[in-house]
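Enquirer: Next comes work.txt, compact mmCIF, C-alpha atoms:
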# COMPACT_ATOMS: atom_id res chain seq x y z
CA MET A 113 -47.32 44.98 -9.69
CA LYS A 114 -46.08 42.04 -7.64
CA ASN A 115 -42.94 41.76 -9.83
CA PHE A 116 -42.34 45.51 -9.52
CA GLY A 117 -42.46 45.25 -5.71
CA LEU A 118 -39.96 42.36 -5.76
CA LEU A 119 -37.70 44.41 -8.04
CA ILE A 120 -37.72 47.36 -5.62
CA LEU A 121 -37.12 45.02 -2.65
CA GLY A 122 -34.21 43.39 -4.52
CA ILE A 123 -32.64 46.76 -5.28
CA ILE A 124 -32.93 47.84 -1.63
CA LEU A 125 -31.49 44.55 -0.33
CA GLY A 126 -28.70 44.68 -2.91
CA ALA A 127 -27.83 48.24 -1.91
CA LEU A 128 -27.72 47.28 1.79
CA ILE A 129 -25.52 44.26 1.13
CA MET A 130 -23.14 46.34 -1.00
CA TYR A 131 -23.03 49.02 1.71
CA PHE A 132 -22.07 46.54 4.42
CA TYR A 133 -19.71 44.63 2.15
CA CYS A 134 -17.84 47.53 0.51
CA CYS A 135 -18.14 50.51 2.79
CA LYS A 136 -17.73 48.98 6.22
CA ASP A 137 -14.31 49.35 7.90
CA SER A 138 -12.42 46.11 7.39
CA GLY A 139 -10.70 46.43 10.77
CA ILE A 140 -7.27 47.14 9.28
CA THR A 141 -6.05 50.38 10.77
CA ASP A 142 -2.59 50.64 9.23
CA PRO A 143 -1.26 48.82 6.19
CA GLN A 144 1.63 46.48 6.94
CA PRO A 145 5.01 47.85 5.88
CA PRO A 146 6.75 45.79 3.19
CA ASP A 147 9.18 43.13 4.30
CA ILE A 148 12.73 44.40 4.14
CA GLU A 149 15.19 41.88 2.80
CA GLU A 150 18.71 41.78 4.15
CA PRO A 151 21.06 42.59 1.27
CA TYR A 152 23.79 40.18 0.29
CA GLY A 153 27.18 40.99 1.79
CA LEU A 154 26.15 42.68 5.03
CA ILE A 155 28.86 42.68 7.66
CA SER A 156 28.75 43.61 11.32
CA PRO A 157 30.31 46.81 12.68
CA GLU A 158 33.03 44.65 14.27
CA GLU A 159 33.87 43.12 10.86
CA ALA A 160 33.94 46.62 9.33
CA ARG A 161 36.39 47.76 12.02
CA ALA A 162 38.61 44.72 11.33
CA LEU A 163 38.62 45.47 7.58
CA ASP A 164 39.43 49.12 8.27
CA LYS A 165 42.25 48.17 10.62
CA ALA A 166 43.76 45.75 8.08
CA TYR A 167 43.54 48.39 5.36
CA SER A 168 45.14 51.00 7.62
CA ILE A 169 48.39 49.01 7.63
CA LYS A 170 48.49 48.89 3.80
CA HIS A 171 47.42 52.51 3.50
CA ARG A 172 50.10 53.73 5.90
CA ILE A 173 52.88 51.89 4.01
CA ILE A 174 51.69 53.18 0.63
CA ASN A 175 50.97 56.70 1.85
CA ASP A 176 54.27 57.11 3.71
CA SER A 177 56.34 55.82 0.79
CA LEU A 178 54.64 57.82 -1.98
CA PHE A 179 53.46 61.08 -0.50
CA LYS A 180 55.15 63.97 1.17
CA LYS A 181 54.26 64.45 4.80
CA SER A 182 52.92 67.91 3.90
CA THR A 183 49.59 66.55 2.64
CA THR A 184 47.10 68.48 4.74
CA GLY A 185 44.87 66.12 6.69
CA GLY A 186 46.31 63.02 5.08
CA ASP A 187 45.03 61.06 2.13
CA ASN A 188 41.32 60.37 1.77
CA ARG A 189 40.10 57.21 3.48
CA SER A 190 36.40 57.52 2.68
CA SER A 191 33.87 59.32 0.52
CA TRP A 192 30.32 60.34 1.31
CA TRP A 193 27.32 60.83 -0.99
CA SER A 194 23.80 61.77 0.06
CA ILE A 195 21.00 59.25 -0.48
CA GLU A 196 19.44 61.74 -2.90
CA ASP A 197 22.65 61.97 -4.97
CA ILE A 198 22.96 58.18 -5.15
CA GLN A 199 19.28 57.70 -6.07
CA ASN A 200 19.55 60.44 -8.72
CA TYR A 201 22.69 58.81 -10.09
CA ILE A 202 21.05 55.38 -10.24
CA ASN A 203 18.10 56.85 -12.17
CA TYR A 204 20.45 58.77 -14.47
CA ALA A 205 22.71 55.74 -15.05
CA GLU A 206 19.77 53.42 -15.78
CA ASN A 207 18.48 55.88 -18.35
CA GLN A 208 21.91 56.32 -19.92
CA ALA A 209 22.47 52.56 -19.96
CA GLY A 210 19.20 52.10 -21.84
CA GLU A 211 20.24 54.74 -24.38
CA LEU A 212 23.56 52.92 -24.83
CA GLY A 213 21.80 49.58 -25.37
CA TYR A 214 22.46 48.04 -21.95
CA THR A 215 20.35 46.72 -19.11
CA MET A 216 21.92 48.12 -15.96
CA ASP A 217 22.21 45.57 -13.16
CA GLY A 218 24.51 47.16 -10.59
CA LEU A 219 27.20 49.61 -9.61
CA ARG A 220 30.92 49.02 -9.19
CA LEU A 221 32.92 51.19 -6.78
CA TYR A 222 36.48 52.00 -7.81
CA LEU A 223 39.36 53.57 -5.92
CA GLY A 224 41.11 56.25 -7.93
CA ALA A 225 43.51 59.14 -7.42
CA TYR A 226 43.58 62.67 -8.71
CA PRO A 227 46.69 63.56 -10.71
CA SER A 228 49.49 65.16 -8.69
CA SER A 229 50.41 68.74 -9.46
CA LYS A 230 53.09 71.13 -8.25
CA THR A 231 50.84 72.34 -5.44
CA GLU A 232 48.80 69.22 -4.61
CA ASN A 233 49.52 65.56 -4.05
CA GLY A 234 47.16 63.27 -5.92
CA LEU A 235 44.69 62.26 -3.23
CA THR A 236 42.60 59.11 -3.30
CA THR A 237 39.02 59.31 -4.52
CA MET A 238 36.24 56.81 -5.05
CA PHE A 239 33.78 56.65 -7.93
CA PHE A 240 30.79 54.57 -9.02
CA VAL A 241 30.49 53.07 -12.49
CA PRO A 242 27.29 51.43 -13.73
CA THR A 243 27.47 47.80 -14.77
CA GLY A 244 25.15 46.00 -17.11
CA ILE A 245 24.51 43.55 -19.84
CA LYS A 246 24.49 44.51 -23.52
CA ASN A 247 21.08 44.03 -25.13
CA THR A 248 21.93 41.89 -28.15
CA SER A 249 18.64 40.12 -28.72
CA GLU A 250 17.28 40.22 -32.22
CA GLY A 251 13.79 39.39 -33.43
CA SER A 252 12.08 39.93 -30.09
CA ILE A 253 9.95 42.69 -28.66
CA LEU A 254 11.54 42.27 -25.23
CA PRO A 255 15.29 42.80 -24.80
CA MET A 256 16.98 39.57 -23.80
CA PRO A 257 20.26 40.24 -21.99
CA GLN A 258 23.05 37.90 -23.00
CA GLY A 259 26.61 37.53 -21.74
CA GLY A 260 28.13 38.63 -18.44
CA SER A 261 27.75 41.85 -16.51
CA SER A 262 30.54 44.35 -17.04
CA ASP A 263 31.23 48.06 -16.73
CA ILE A 264 29.23 50.17 -19.15
CA GLN A 265 32.29 51.83 -20.62
CA ASN A 266 30.64 54.81 -22.31
CA ALA A 267 28.49 55.69 -19.27
CA ASN A 268 29.26 58.57 -16.93
CA ALA A 269 30.64 57.73 -13.48
CA LEU A 270 29.73 59.33 -10.13
CA ASN A 271 32.65 60.99 -8.32
CA LYS A 272 33.17 63.97 -6.07
CA GLY A 273 31.62 62.66 -2.90
CA SER A 274 32.53 64.53 0.25
CA GLN A 275 35.76 63.36 1.84
CA GLY A 276 35.99 62.01 5.34
CA ASP A 277 36.37 64.37 8.26
CA PRO A 278 39.34 64.57 8.55
CA PRO A 279 40.26 62.98 5.21
CA GLY A 280 42.41 60.30 6.87
CA ALA A 281 39.84 59.38 9.51
CA ASN A 282 39.26 55.68 10.07
CA TYR A 283 35.99 53.82 10.46
CA PRO A 284 33.75 54.79 12.19
CA GLN A 285 33.65 58.56 11.78
I need this file expressed as structure tokens, please.

Expert:
Amino acid sequence: MKNFGLLILGIILGALIMYFYCCKDSGITDPQPPDIEEPYGLISPEEARALDKAYSIKHRIINDSLFKKSTTGGDNRSSWWSIEDIQNYINYAENQAGELGYTMDGLRLYLGAYPSSKTENGLTTMFFVPTGIKNTSEGSILPMPQGGSSDIQNANALNKGSQGDPPGANYPQ
């Protein structure tokens, strides 16, 4: 009977210790947000304005020599995509890269131009292309990327962002 009493006392003490150890508020009211790392290549707004100003000189020379002055609003100077569109594209491109045998590691942004027609001048556009490394590993369960990162040539690109307002507007808009 003495052992049975010690067993009951042990269970009660164990339950109390577990209650105070596990169920008591630890004093943390809000979890700490994750540290946000500064991405490589950030520039200040002043540096962005300087880049835009330097490009404006080139753009004006090219635009004035190649296009008729009748282009409504001028040539495109920027494109805009929503965060949702970019995130959806990244997910889509990563999936497509995997199907094509690549490990996607980035995006490359290209300047392009639509073809000119009788009614429209070919305006500038911008599009994203996924980049990655071909999975060429053999004899391993895990893919081992080898070689350098390049455009995934058979992958779909993201185009048709909204143009600037007006199209020829400089930074910032």

Enquirer: Please indicate the distance in Å from CA of Met238 in chain A to CA of Asn271 in chain A, rounded to one decimal place.

Expert: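 Pair CA of Met238 in chain A / CA of Asn271 in chain A returns 6.4 Å.
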
Enquirer: For each of A:Phe116, A:Tyr204, A:Tyr131, A:Phe240, take the minimum atom-to-atom distance to Trp192 in chain A, counting only C-alpha atoms, then give the residue where this is smallest.

Expert: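 That would be A:Phe240, the residue with the smallest distance to Trp192 in chain A.
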
Enquirer: Restricting the calculation to only C-alpha atoms: of A:Arg189, A:Gly126, A:Asn268, A:Glu159, which residue gets closest to His171 in chain A?

Expert: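 Ranking A:Arg189, A:Gly126, A:Asn268, A:Glu159 by distance to His171 in chain A, first place goes to A:Arg189.
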
Enquirer: Kindly give the distance, in Å, that separates CA of Gly210 in chain A and CA of Glu149 in chain A, rounded to a single decimal.

Expert: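 Between these atoms lies a distance of 27.0 Å.
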
Enquirer: Could you tell me how far CA of Leu235 in chain A lies from CA of Lys272 in chain A, in Å and to one decimal?

Expert: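 That distance, rounded to one decimal, is 12.0 Å.
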
Enquirer: Between A:Thr236, A:Asn247, A:Asn115, A:Thr231, single out the one closest to Ile174 in chain A, counting all atoms listed in the file.

Expert: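 Distance minimum relative to Ile174 in chain A lands on A:Thr236.
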
Enquirer: Using all atoms listed in the file, find the one residue out of A:Ala267, A:Ala162, A:Leu121, A:Leu128 that sits nearest to Ala209 in chain A.

Expert: A:Ala267

Enquirer: Have a look at A:Ser262, A:Thr248, A:Gly234, A:Tyr152 and name the one nearest to Met216 in chain A; count only C-alpha atoms.

Expert: A:Ser262

Enquirer: Within 9 Å of (28.7, 67.0, 1.2) in the file's own coordinates, which protein, DNA or RNA residues have an atom, counting only C-alpha atoms? List them as a PyMOL selection string.

Expert: chain A and resi 192-194+273-275

Enquirer: Using only C-alpha atoms for the distances, tell me which of A:Ile173, A:Ile148, A:Leu223, A:Leu212 is nearest to Gln265 in chain A.

Expert: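 Checking each candidate against Gln265 in chain A, we get A:Leu212 as the closest.
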
Enquirer: Excluding Phe239 in chain A and its own-chain neighbours fewer than 6 positions away, which residues fall within 6 Å of it when counting only C-alpha atoms? Please give them as a PyMOL selection string.

Expert: chain A and resi 221-222+270-271
